[in-house]
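File shown: input.cif. Contents: mmCIF, C-alpha atoms.
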```
data_start
loop_
_atom_site.label_atom_id
_atom_site.label_comp_id
_atom_site.auth_asym_id
_atom_site.auth_seq_id
_atom_site.Cartn_x
_atom_site.Cartn_y
_atom_site.Cartn_z
CA MET A 1 -7.54 16.77 -3.57
CA SER A 2 -9.40 13.64 -2.66
CA SER A 3 -8.88 11.95 0.64
CA ASP A 4 -11.39 9.23 -0.01
CA GLY A 5 -9.83 6.03 1.23
CA CYS A 6 -6.15 6.09 0.56
CA GLY A 7 -6.65 7.26 -3.01
CA ALA A 8 -3.92 9.51 -4.21
CA PRO A 9 -4.81 12.48 -6.37
CA SER A 10 -4.96 11.74 -10.06
CA GLY A 11 -1.61 12.32 -11.72
CA GLY A 12 0.27 12.47 -8.43
CA VAL A 13 0.49 15.50 -6.22
CA SER A 14 1.00 19.04 -7.34
CA ALA A 15 2.62 21.63 -5.17
CA SER A 16 0.72 24.69 -3.94
CA ALA A 17 -1.87 23.39 -1.51
CA ALA A 18 -3.95 25.52 0.77
CA ALA A 19 -2.70 24.55 4.20
CA GLY A 20 -5.68 25.42 6.34
CA SER A 21 -4.63 24.53 9.86
CA GLN A 22 -2.62 21.48 8.83
CA PRO A 23 1.14 21.42 8.66
CA VAL A 24 2.08 20.99 5.00
CA VAL A 25 5.47 20.15 3.55
CA GLU A 26 5.60 20.53 -0.20
CA GLY A 27 7.92 21.39 -3.05
CA ARG A 28 9.22 20.47 -6.47
CA VAL A 29 12.12 18.39 -7.70
CA VAL A 30 14.09 19.60 -10.71
CA ARG A 31 17.15 18.45 -12.59
CA GLN A 32 19.00 20.89 -14.80
CA GLY A 33 15.99 23.18 -14.68
CA ALA A 34 13.45 20.57 -15.77
CA ALA A 35 10.81 18.96 -13.56
CA VAL A 36 11.59 15.42 -12.42
CA SER A 37 8.28 13.62 -12.90
CA THR A 38 9.52 10.10 -12.26
CA GLY A 39 10.73 9.65 -8.73
CA TYR A 40 9.66 9.51 -5.13
CA ALA A 41 9.65 11.79 -2.12
CA ARG A 42 9.93 10.12 1.27
CA LEU A 43 9.29 11.78 4.61
CA LEU A 44 11.34 10.26 7.40
CA GLY A 45 11.32 10.79 11.15
CA THR A 46 13.96 10.30 13.80
CA GLY A 47 16.41 7.54 12.95
CA ASP A 48 15.18 7.30 9.38
CA GLU A 49 11.77 6.08 10.60
CA PHE A 50 9.52 5.95 7.54
CA VAL A 51 6.53 8.31 7.70
CA ALA A 52 5.17 8.65 4.18
CA GLU A 53 6.08 8.49 0.52
CA VAL A 54 4.55 9.98 -2.61
CA PRO A 55 5.41 9.68 -6.30
CA LEU A 56 6.46 12.97 -7.82
CA GLY A 57 3.76 14.71 -9.84
CA ASP A 58 3.98 15.72 -13.46
CA ASP A 59 5.48 19.04 -12.34
CA GLY A 60 7.97 17.30 -10.03
CA GLY A 61 5.76 18.25 -7.11
CA PHE A 62 5.20 16.51 -3.80
CA ARG A 63 3.14 17.30 -0.74
CA PHE A 64 2.84 15.86 2.75
CA PHE A 65 0.34 16.56 5.50
CA ALA A 66 2.71 15.92 8.36
CA ALA A 67 2.49 16.20 12.10
CA PRO A 68 4.28 19.26 13.51
CA GLY A 69 7.97 18.64 14.03
CA SER A 70 11.31 18.03 12.37
CA TRP A 71 11.51 15.66 9.44
CA THR A 72 13.92 14.44 6.83
CA LEU A 73 12.85 14.66 3.21
CA ARG A 74 14.52 12.14 0.89
CA ILE A 75 14.17 12.17 -2.89
CA LEU A 76 14.75 9.03 -4.99
CA ALA A 77 14.90 9.16 -8.77
CA PRO A 78 16.02 6.81 -11.57
CA GLY A 79 19.71 6.53 -12.19
CA GLY A 80 20.47 6.32 -8.50
CA LEU A 81 19.79 10.02 -8.00
CA ARG A 82 19.15 10.95 -4.37
CA ALA A 83 18.82 14.08 -2.30
CA GLU A 84 18.05 14.75 1.33
CA ARG A 85 16.83 17.86 3.20
CA SER A 86 15.88 18.64 6.79
CA VAL A 87 12.44 20.22 7.08
CA GLN A 88 10.29 21.69 9.82
CA ALA A 89 6.47 21.41 9.84
CA ASP A 90 4.16 23.59 11.91
CA TYR A 91 0.40 24.09 12.25
CA GLY A 92 -1.05 26.45 9.68
CA GLN A 93 2.22 26.65 7.79
CA VAL A 94 3.23 25.50 4.33
CA THR A 95 6.91 24.58 4.33
CA THR A 96 8.22 24.71 0.78
CA VAL A 97 11.29 22.70 -0.11
CA ASP A 98 12.45 22.82 -3.70
CA VAL A 99 15.12 20.28 -4.51
CA SER A 100 17.59 20.17 -7.36
CA ILE A 101 19.15 16.78 -7.98
CA MET B 1 4.69 -22.18 0.29
CA SER B 2 7.92 -20.29 0.01
CA ARG B 3 8.99 -16.84 -1.11
CA SER B 4 9.77 -17.97 -4.66
CA ASP B 5 6.22 -19.35 -5.02
CA VAL B 6 4.61 -15.96 -4.45
CA LEU B 7 7.18 -13.28 -5.19
CA VAL B 8 9.17 -12.64 -8.37
CA ASP B 9 11.71 -10.02 -9.32
CA ALA B 10 11.76 -7.60 -12.20
CA ASP B 11 13.97 -9.85 -14.34
CA TRP B 12 11.35 -12.59 -14.08
CA ALA B 13 8.64 -10.13 -15.05
CA GLU B 14 10.65 -8.84 -17.99
CA ALA B 15 11.24 -12.39 -19.20
CA HIS B 16 7.49 -13.08 -19.12
CA ILE B 17 6.30 -10.03 -21.01
CA GLY B 18 4.27 -11.53 -23.82
CA ASP B 19 4.00 -14.93 -22.16
CA PRO B 20 0.48 -16.09 -23.09
CA HIS B 21 0.04 -17.81 -19.74
CA VAL B 22 1.06 -14.83 -17.61
CA VAL B 23 -1.20 -11.81 -17.21
CA ILE B 24 0.55 -8.76 -15.77
CA VAL B 25 -1.82 -6.52 -13.83
CA GLU B 26 -1.12 -3.06 -12.42
CA VAL B 27 -3.11 -1.93 -9.36
CA ASP B 28 -2.27 1.52 -8.07
CA GLU B 29 -3.20 3.91 -5.34
CA ASP B 30 -2.97 6.66 -7.95
CA THR B 31 -5.28 5.12 -10.50
CA SER B 32 -3.95 7.34 -13.28
CA ALA B 33 -0.38 6.05 -12.94
CA TYR B 34 -1.04 3.21 -15.39
CA ASP B 35 -2.03 5.69 -18.10
CA LYS B 36 1.33 7.46 -17.85
CA GLY B 37 3.15 4.22 -18.60
CA HIS B 38 3.06 0.62 -17.42
CA ILE B 39 4.97 -2.60 -17.83
CA PRO B 40 4.48 -3.65 -21.46
CA THR B 41 1.40 -5.87 -21.93
CA ALA B 42 0.11 -5.05 -18.43
CA ILE B 43 -3.59 -4.45 -17.94
CA LYS B 44 -5.09 -2.20 -15.31
CA VAL B 45 -7.35 -2.92 -12.36
CA ASP B 46 -8.75 0.08 -10.51
CA TRP B 47 -8.76 -0.76 -6.81
CA LYS B 48 -11.76 1.43 -6.22
CA LYS B 49 -13.97 1.17 -9.30
CA ASP B 50 -13.24 -2.47 -9.98
CA LEU B 51 -12.65 -3.99 -6.56
CA GLN B 52 -15.18 -2.16 -4.36
CA ASP B 53 -18.93 -2.57 -4.20
CA PRO B 54 -20.36 0.64 -5.67
CA VAL B 55 -23.01 1.01 -2.96
CA ARG B 56 -22.28 -0.90 0.23
CA ARG B 57 -19.01 -0.65 2.09
CA ASP B 58 -17.67 -4.00 1.04
CA PHE B 59 -15.60 -5.34 -1.73
CA VAL B 60 -16.78 -6.84 -4.97
CA ASP B 61 -18.65 -10.11 -4.47
CA LYS B 62 -17.95 -13.43 -6.18
CA THR B 63 -20.16 -12.64 -9.16
CA GLY B 64 -18.57 -9.23 -9.54
CA PHE B 65 -15.07 -10.68 -9.33
CA GLU B 66 -15.92 -13.24 -11.98
CA ALA B 67 -17.35 -10.54 -14.23
CA LEU B 68 -14.28 -8.34 -13.74
CA LEU B 69 -11.76 -11.04 -14.56
CA SER B 70 -13.79 -12.31 -17.50
CA GLU B 71 -14.02 -8.83 -18.93
CA ARG B 72 -10.27 -8.25 -18.50
CA GLY B 73 -9.45 -11.48 -20.25
CA ILE B 74 -8.06 -13.41 -17.28
CA SER B 75 -8.76 -17.13 -17.22
CA ASN B 76 -8.61 -19.58 -14.34
CA ASP B 77 -5.48 -21.15 -15.78
CA ASP B 78 -3.54 -17.92 -16.12
CA THR B 79 -0.74 -16.93 -13.78
CA VAL B 80 -1.49 -13.40 -12.61
CA LEU B 81 1.47 -11.15 -11.81
CA LEU B 82 0.42 -8.14 -9.75
CA TYR B 83 2.37 -4.95 -9.23
CA GLY B 84 1.62 -1.38 -8.31
CA GLY B 85 2.79 1.86 -6.85
CA ASN B 86 3.28 2.86 -3.27
CA ASN B 87 5.40 -0.16 -2.42
CA ASN B 88 2.76 -2.55 -3.75
CA TRP B 89 0.09 -1.59 -1.17
CA PHE B 90 -2.78 -1.99 -3.58
CA ALA B 91 -1.17 -4.78 -5.54
CA ALA B 92 -0.92 -6.72 -2.27
CA TYR B 93 -4.54 -5.82 -1.60
CA ALA B 94 -5.52 -7.22 -5.02
CA TYR B 95 -3.33 -10.28 -4.38
CA TRP B 96 -5.36 -10.89 -1.22
CA TYR B 97 -8.59 -10.69 -3.30
CA PHE B 98 -7.28 -13.24 -5.78
CA ARG B 99 -6.45 -15.62 -2.94
CA LEU B 100 -9.81 -14.96 -1.26
CA TYR B 101 -11.58 -15.98 -4.43
CA GLY B 102 -9.45 -19.06 -4.93
CA HIS B 103 -6.99 -18.00 -7.64
CA ASP B 104 -3.78 -19.64 -6.46
CA LYS B 105 -1.62 -18.89 -9.48
CA VAL B 106 -0.94 -15.35 -8.40
CA LEU B 107 2.39 -13.59 -7.89
CA LEU B 108 3.58 -10.25 -6.62
CA LEU B 109 6.37 -8.30 -8.31
CA ASP B 110 8.99 -7.48 -5.67
CA GLY B 111 9.43 -3.72 -5.47
CA GLY B 112 6.42 -3.08 -7.68
CA ARG B 113 6.21 -0.04 -9.86
CA LYS B 114 8.72 1.92 -7.80
CA LYS B 115 11.66 -0.41 -8.32
CA TRP B 116 10.71 -0.83 -11.97
CA GLU B 117 10.82 2.95 -12.41
CA LEU B 118 13.96 3.47 -10.35
CA ASP B 119 15.67 0.78 -12.43
CA SER B 120 14.66 2.75 -15.57
CA ARG B 121 12.98 -0.29 -17.06
CA GLU B 122 10.68 0.04 -20.05
CA LEU B 123 7.22 1.49 -19.63
CA SER B 124 4.56 1.47 -22.32
CA THR B 125 1.39 3.48 -22.89
CA GLU B 126 -0.08 0.86 -25.19
CA VAL B 127 -3.22 -0.68 -23.70
CA PRO B 128 -3.48 -4.37 -24.59
CA GLN B 129 -6.80 -5.89 -25.61
CA ARG B 130 -7.33 -9.35 -24.23
CA PRO B 131 -10.13 -11.60 -25.45
CA ARG B 132 -12.95 -12.10 -23.02
CA THR B 133 -12.89 -15.22 -20.83
CA SER B 134 -15.38 -17.02 -18.66
CA TYR B 135 -13.77 -16.83 -15.24
CA SER B 136 -15.11 -18.91 -12.37
CA ALA B 137 -14.27 -17.94 -8.76
CA THR B 138 -14.66 -19.97 -5.60
CA GLU B 139 -16.64 -18.79 -2.61
CA GLN B 140 -14.75 -16.27 -0.48
CA ASP B 141 -12.16 -17.93 1.74
CA ARG B 142 -13.17 -16.48 5.08
CA SER B 143 -10.06 -17.89 6.75
CA LEU B 144 -8.21 -14.94 5.22
CA ARG B 145 -10.62 -12.15 6.21
CA ALA B 146 -11.59 -10.78 9.62
CA LEU B 147 -14.79 -8.84 10.26
CA ARG B 148 -15.41 -6.49 13.15
CA ASP B 149 -16.98 -8.84 15.70
CA GLU B 150 -14.11 -11.26 15.29
CA VAL B 151 -11.66 -8.43 15.81
CA ILE B 152 -13.35 -7.28 19.02
CA ASP B 153 -13.34 -10.86 20.26
CA ALA B 154 -9.64 -11.16 19.46
CA ILE B 155 -8.59 -8.37 21.85
CA GLY B 156 -6.15 -9.83 24.33
CA LYS B 157 -6.34 -13.26 22.75
CA ARG B 158 -4.77 -13.14 19.30
CA ASN B 159 -1.96 -11.13 17.79
CA LEU B 160 -3.37 -7.83 16.58
CA VAL B 161 -0.95 -6.08 14.29
CA ASP B 162 -1.60 -2.43 13.57
CA VAL B 163 0.51 -1.66 10.51
CA ARG B 164 -0.16 2.09 10.35
CA SER B 165 2.47 4.70 11.10
CA PRO B 166 3.33 5.35 14.76
CA ASP B 167 1.51 8.71 14.64
CA GLU B 168 -1.68 7.02 13.49
CA PHE B 169 -1.27 4.25 16.07
CA THR B 170 -0.84 6.61 18.98
CA GLY B 171 -3.71 8.82 17.85
CA ARG B 172 -1.80 11.89 16.68
CA LEU B 173 -2.96 11.44 13.07
CA LEU B 174 -6.00 9.85 11.47
CA ALA B 175 -4.45 9.09 8.09
CA PRO B 176 -1.06 8.66 6.45
CA ALA B 177 0.95 11.86 6.26
CA HIS B 178 0.50 12.30 2.52
CA LEU B 179 -3.27 12.70 2.85
CA PRO B 180 -5.41 15.45 4.40
CA GLN B 181 -6.56 14.78 7.96
CA GLU B 182 -10.19 15.82 7.80
CA GLN B 183 -11.80 12.56 8.87
CA ALA B 184 -14.19 12.51 11.82
CA GLN B 185 -13.72 9.13 13.46
CA ARG B 186 -11.85 8.59 16.71
CA ALA B 187 -8.09 8.20 16.70
CA GLY B 188 -6.04 5.53 18.44
CA HIS B 189 -5.69 1.78 18.15
CA ILE B 190 -7.34 -1.48 19.16
CA PRO B 191 -6.30 -2.45 22.69
CA THR B 192 -3.49 -5.03 22.87
CA ALA B 193 -2.46 -4.33 19.26
CA ARG B 194 1.23 -4.09 18.49
CA ASN B 195 2.37 -1.40 16.08
CA VAL B 196 4.54 -2.78 13.29
CA PRO B 197 4.32 -0.24 10.47
CA TRP B 198 4.11 -1.93 7.08
CA SER B 199 7.13 0.11 5.99
CA LYS B 200 9.42 -1.84 8.30
CA ALA B 201 8.84 -4.88 6.10
CA ALA B 202 10.09 -3.09 2.99
CA ASN B 203 13.42 -1.83 1.77
CA GLU B 204 13.76 1.70 0.41
CA ASP B 205 13.21 0.47 -3.16
CA GLY B 206 9.97 -1.23 -2.18
CA THR B 207 11.29 -4.80 -2.17
CA PHE B 208 10.53 -6.97 0.83
CA ARG B 209 13.16 -7.55 3.49
CA SER B 210 14.65 -11.02 3.81
CA ASP B 211 12.76 -13.75 5.64
CA ALA B 212 15.27 -13.62 8.50
CA GLU B 213 14.82 -9.86 8.86
CA LEU B 214 11.05 -10.23 8.75
CA ARG B 215 11.02 -12.94 11.41
CA GLN B 216 13.16 -10.76 13.63
CA LEU B 217 10.87 -7.80 13.03
CA TYR B 218 7.65 -9.52 14.02
CA ALA B 219 8.68 -12.26 16.43
CA GLY B 220 11.74 -10.56 17.87
CA ASP B 221 11.28 -6.79 17.91
CA ALA B 222 7.46 -6.69 18.13
CA GLY B 223 7.10 -9.78 20.29
CA LEU B 224 4.39 -11.48 18.27
CA ASP B 225 3.65 -15.02 19.37
CA PHE B 226 3.78 -16.98 16.13
CA SER B 227 1.87 -19.85 17.75
CA LYS B 228 -1.21 -17.62 17.97
CA ASP B 229 -3.59 -16.58 15.23
CA THR B 230 -3.05 -13.09 13.86
CA ILE B 231 -5.19 -10.26 12.53
CA ALA B 232 -3.60 -7.35 10.68
CA TYR B 233 -5.29 -4.00 10.17
CA CYS B 234 -4.52 -0.47 9.01
CA ARG B 235 -6.89 2.28 7.90
CA ILE B 236 -8.80 0.74 4.99
CA GLY B 237 -7.13 -2.65 4.65
CA GLU B 238 -4.59 -2.18 1.89
CA ARG B 239 -1.46 -1.59 3.95
CA SER B 240 -2.49 -4.52 6.15
CA ALA B 241 -2.82 -6.63 2.99
CA HIS B 242 0.90 -5.89 2.51
CA THR B 243 1.59 -7.20 6.03
CA TRP B 244 -0.82 -10.13 5.52
CA PHE B 245 1.28 -11.01 2.46
CA VAL B 246 4.44 -10.93 4.56
CA LEU B 247 3.08 -13.03 7.42
CA HIS B 248 0.93 -15.50 5.49
CA GLU B 249 2.64 -15.80 2.14
CA LEU B 250 6.33 -15.06 2.80
CA LEU B 251 6.72 -16.36 6.35
CA GLY B 252 4.05 -19.04 5.96
CA LEU B 253 2.14 -18.42 9.19
CA PRO B 254 -1.03 -20.50 8.90
CA ASN B 255 -3.74 -18.35 10.49
CA VAL B 256 -3.42 -14.74 9.46
CA LYS B 257 -6.40 -12.58 8.54
CA ASN B 258 -6.68 -9.15 7.07
CA TYR B 259 -9.26 -6.88 8.72
CA ASP B 260 -10.21 -4.76 5.72
CA GLY B 261 -12.73 -2.71 7.69
CA SER B 262 -9.68 -1.53 9.60
CA TRP B 263 -9.50 1.74 11.48
CA THR B 264 -12.08 3.60 9.39
CA GLU B 265 -14.60 1.05 10.67
CA TYR B 266 -13.26 0.28 14.14
CA GLY B 267 -12.59 3.92 14.98
CA SER B 268 -16.19 4.79 14.18
CA LEU B 269 -17.89 1.98 16.13
CA VAL B 270 -19.92 2.96 19.16
CA GLY B 271 -18.90 1.44 22.46
CA VAL B 272 -15.74 -0.44 21.52
CA PRO B 273 -12.55 0.01 23.54
CA ILE B 274 -9.81 2.23 22.13
CA GLU B 275 -6.31 2.88 23.42
CA LEU B 276 -4.29 6.01 22.87
CA GLY B 277 -0.54 6.40 23.03
CA GLU B 278 2.10 3.73 22.91
CA ALA B 279 1.32 0.01 23.01
CA ARG B 280 0.73 -1.31 26.54
#
```
What does the file become when written as structure tokens?
Amino acid sequence: MSSDGCGAPSGGVSASAAAGSQPVVEGRVVRQGAAVSTGYARLLGTGDEFVAEVPLGDDGGFRFFAAPGSWTLRILAPGGLRAERSVQADYGQVTTVDVSI
Amino acid sequence: MSRSDVLVDADWAEAHIGDPHVVIVEVDEDTSAYDKGHIPTAIKVDWKKDLQDPVRRDFVDKTGFEALLSERGISNDDTVLLYGGNNNWFAAYAYWYFRLYGHDKVLLLDGGRKKWELDSRELSTEVPQRPRTSYSATEQDRSLRALRDEVIDAIGKRNLVDVRSPDEFTGRLLAPAHLPQEQAQRAGHIPTARNVPWSKAANEDGTFRSDAELRQLYAGDAGLDFSKDTIAYCRIGERSAHTWFVLHELLGLPNVKNYDGSWTEYGSLVGVPIELGEAR
């Protein structure tokens, strides 16, 4: 995955990163068993403070390299579909959150 | 200049698909997004391959900009409508380029690609072919761009607006949280800068907040003195182009510059002051 500039990986993110020592929050979004490839994952802090947002990948995947702590994950998809989950990120840990909307 | 002169909504864009005088241009962070589907008739500009100098750390010069627009079939008389992903970060960055090189008939699509997608509007994979033009740019308008020495000189004198996330501002992270953190430069922010993350200027669907909300955000909550000149910066200059658009184009502040060297340059300079933690 490139980190050159702010360039996002080609085709959006795919789940299943190697975490190394970084806290990683990742997962997939599905609807009725199928990947949701058009939509957005937002990572929010305390009081809905925006942290980051990624478009869902072709496999419905998303990934964040977050600071350690508690976060809110919000999914937005066409048709007004939304979902929200609380997530915890820690050093050296991949937190996997799969979301069905 | 008012909001309606620089910002249009999706209905306006839809009504101008096929308009021979309007060129719709997608500029994305994920440069493959266009290939998966774009607004019908839109052409693509790659923020990295097309807008950056391939050797030096600088953006494309006047001759390069002229060559790019000529090759893409954009003429001086065309109205250019820019949109992109990630809440229009890179579309705003491209908008800033167009203004730097003197193209005034340029618009930004409110909400960009995200709102278009969330609204389930039509996307096309057909790549339009536009006849070549002979585009002529003006010299770079340096009143819109800050370089490093000017930024150092502005410490404590002008408004410095750091539009990165609070974790980047305070020095806990070196990059946005959706990117790996393996960079080597120092963390922190430019002394006297105020942290107004770009995201506070946008609604959840990527559209800009109202002028009243934006004035409250910058002049009220962040305490910016609107009578002073302002420099905005982020990590590589694209998020701060979003804030430059808000301050200069939407709110009409006269002297606002984007520091496109931003933190990747400033945080690697030898001997310059850096602050950690909250704004002082």
Could you tell me which of A:Val97, A:Leu81, A:Val29, A:Ile75 comes closest to Gly60 of chain A if we count only C-alpha atoms?
->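 Going through A:Val97, A:Leu81, A:Val29, A:Ile75 one by one, the smallest distance to Gly60 of chain A is for A:Val29.
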Applied to the shown file, which residues does the PyMOL selection byres ((chain A and resi 90) around 7) return, written as a PyMOL selection string?
-> chain A and resi 23+68-69+88-89+91-93
Could you spell out the hits of the PyMOL selection byres ((chain A and resi 84) around 12) on the shown file, as a PyMOL selection string?
-> chain A and resi 29+40-44+48+71-77+81-83+85-87+97-101
Within 9 Å of chain A: residues of chain B, using all atoms listed in the file, as a PyMOL selection string | chain B and resi 28-33+36+48+85-86+114+117-120+165-167+172-173+175-183+197+199-200+205+235-236+238+264
Just say which residues the PyMOL selection byres ((chain B and resi 241) around 9) picks in this file, as a ChimeraX atom specification.
-> /B:89-96,232-234,237-240,242-246,257-260
Record the distance separating atom CA of Val127 of chain B and atom CA of Ile24 of chain B, expressed in Å with one decimal.
->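 Computing the Euclidean distance for atom CA of Val127 of chain B and atom CA of Ile24 of chain B yields 11.9 Å.
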So that all listed atoms of segment 139-156 of chain B fit with 5 Å spare on each side, what axis-aligned box centre and edge lengths in Å, to one decimal, would you give as lines of an AutoDock Vina configuration file?
```
center_x = -11.6
center_y = -12.6
center_z = 10.9
size_x = 20.8
size_y = 22.3
size_z = 36.9
```
Hey, can you pull every residue with an atom no more than 8 Å from (2.8, -0.5, -11.4), using all atoms listed in the file, and send it as an NGL selection string?
-> :B and (25-28 or 33-34 or 38-39 or 83-85 or 88 or 112-114 or 116)
Rounded to one decimal place, report the atom CA of Gly188 of chain B-atom CA of Leu276 of chain B distance in Å.
-> 4.8 Å
In Å, with one decimal, what is the gap from atom CA of Phe59 of chain B to atom CA of Glu150 of chain B?
->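 Separating atom CA of Phe59 of chain B from atom CA of Glu150 of chain B is a distance of 18.1 Å.
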Residues near Glu66 of chain B, anyone? I mean within 8 Å using only C-alpha atoms, not counting same-chain ones fewer than 4 positions away, as a compact mmCIF listing (two decimals) with C-alpha atoms, in the frame of the given file.
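This is the output file around-v1.txt:
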```
# COMPACT_ATOMS: atom_id res chain seq x y z
CA LYS B 62 -17.95 -13.43 -6.18
CA SER B 70 -13.79 -12.31 -17.50
CA SER B 134 -15.38 -17.02 -18.66
CA TYR B 135 -13.77 -16.83 -15.24
CA SER B 136 -15.11 -18.91 -12.37
CA ALA B 137 -14.27 -17.94 -8.76
```
Find the spatial neighbours of Pro191 of chain B, counting all atoms listed in the file, within a cut-off of 12 Å - ignore same-chain residues fewer than 5 positions away - and output them as a ChimeraX atom specification.
-> /B:151-162,169-170,266-267,272-280
Excluding Leu250 of chain B and its own-chain neighbours fewer than 6 positions away, which residues fall within 12 Å of it when counting only C-alpha atoms? Please give them as a compact mmCIF listing (two decimals) with C-alpha atoms, keeping the file's coordinate frame.
```txt
# COMPACT_ATOMS: atom_id res chain seq x y z
CA MET B 1 4.69 -22.18 0.29
CA SER B 2 7.92 -20.29 0.01
CA ARG B 3 8.99 -16.84 -1.11
CA SER B 4 9.77 -17.97 -4.66
CA ASP B 5 6.22 -19.35 -5.02
CA VAL B 6 4.61 -15.96 -4.45
CA LEU B 7 7.18 -13.28 -5.19
CA VAL B 8 9.17 -12.64 -8.37
CA LEU B 107 2.39 -13.59 -7.89
CA LEU B 108 3.58 -10.25 -6.62
CA ASP B 110 8.99 -7.48 -5.67
CA ALA B 201 8.84 -4.88 6.10
CA PHE B 208 10.53 -6.97 0.83
CA ARG B 209 13.16 -7.55 3.49
CA SER B 210 14.65 -11.02 3.81
CA ASP B 211 12.76 -13.75 5.64
CA ALA B 212 15.27 -13.62 8.50
CA GLU B 213 14.82 -9.86 8.86
CA LEU B 214 11.05 -10.23 8.75
CA ARG B 215 11.02 -12.94 11.41
CA HIS B 242 0.90 -5.89 2.51
CA THR B 243 1.59 -7.20 6.03
CA TRP B 244 -0.82 -10.13 5.52
CA VAL B 256 -3.42 -14.74 9.46
```
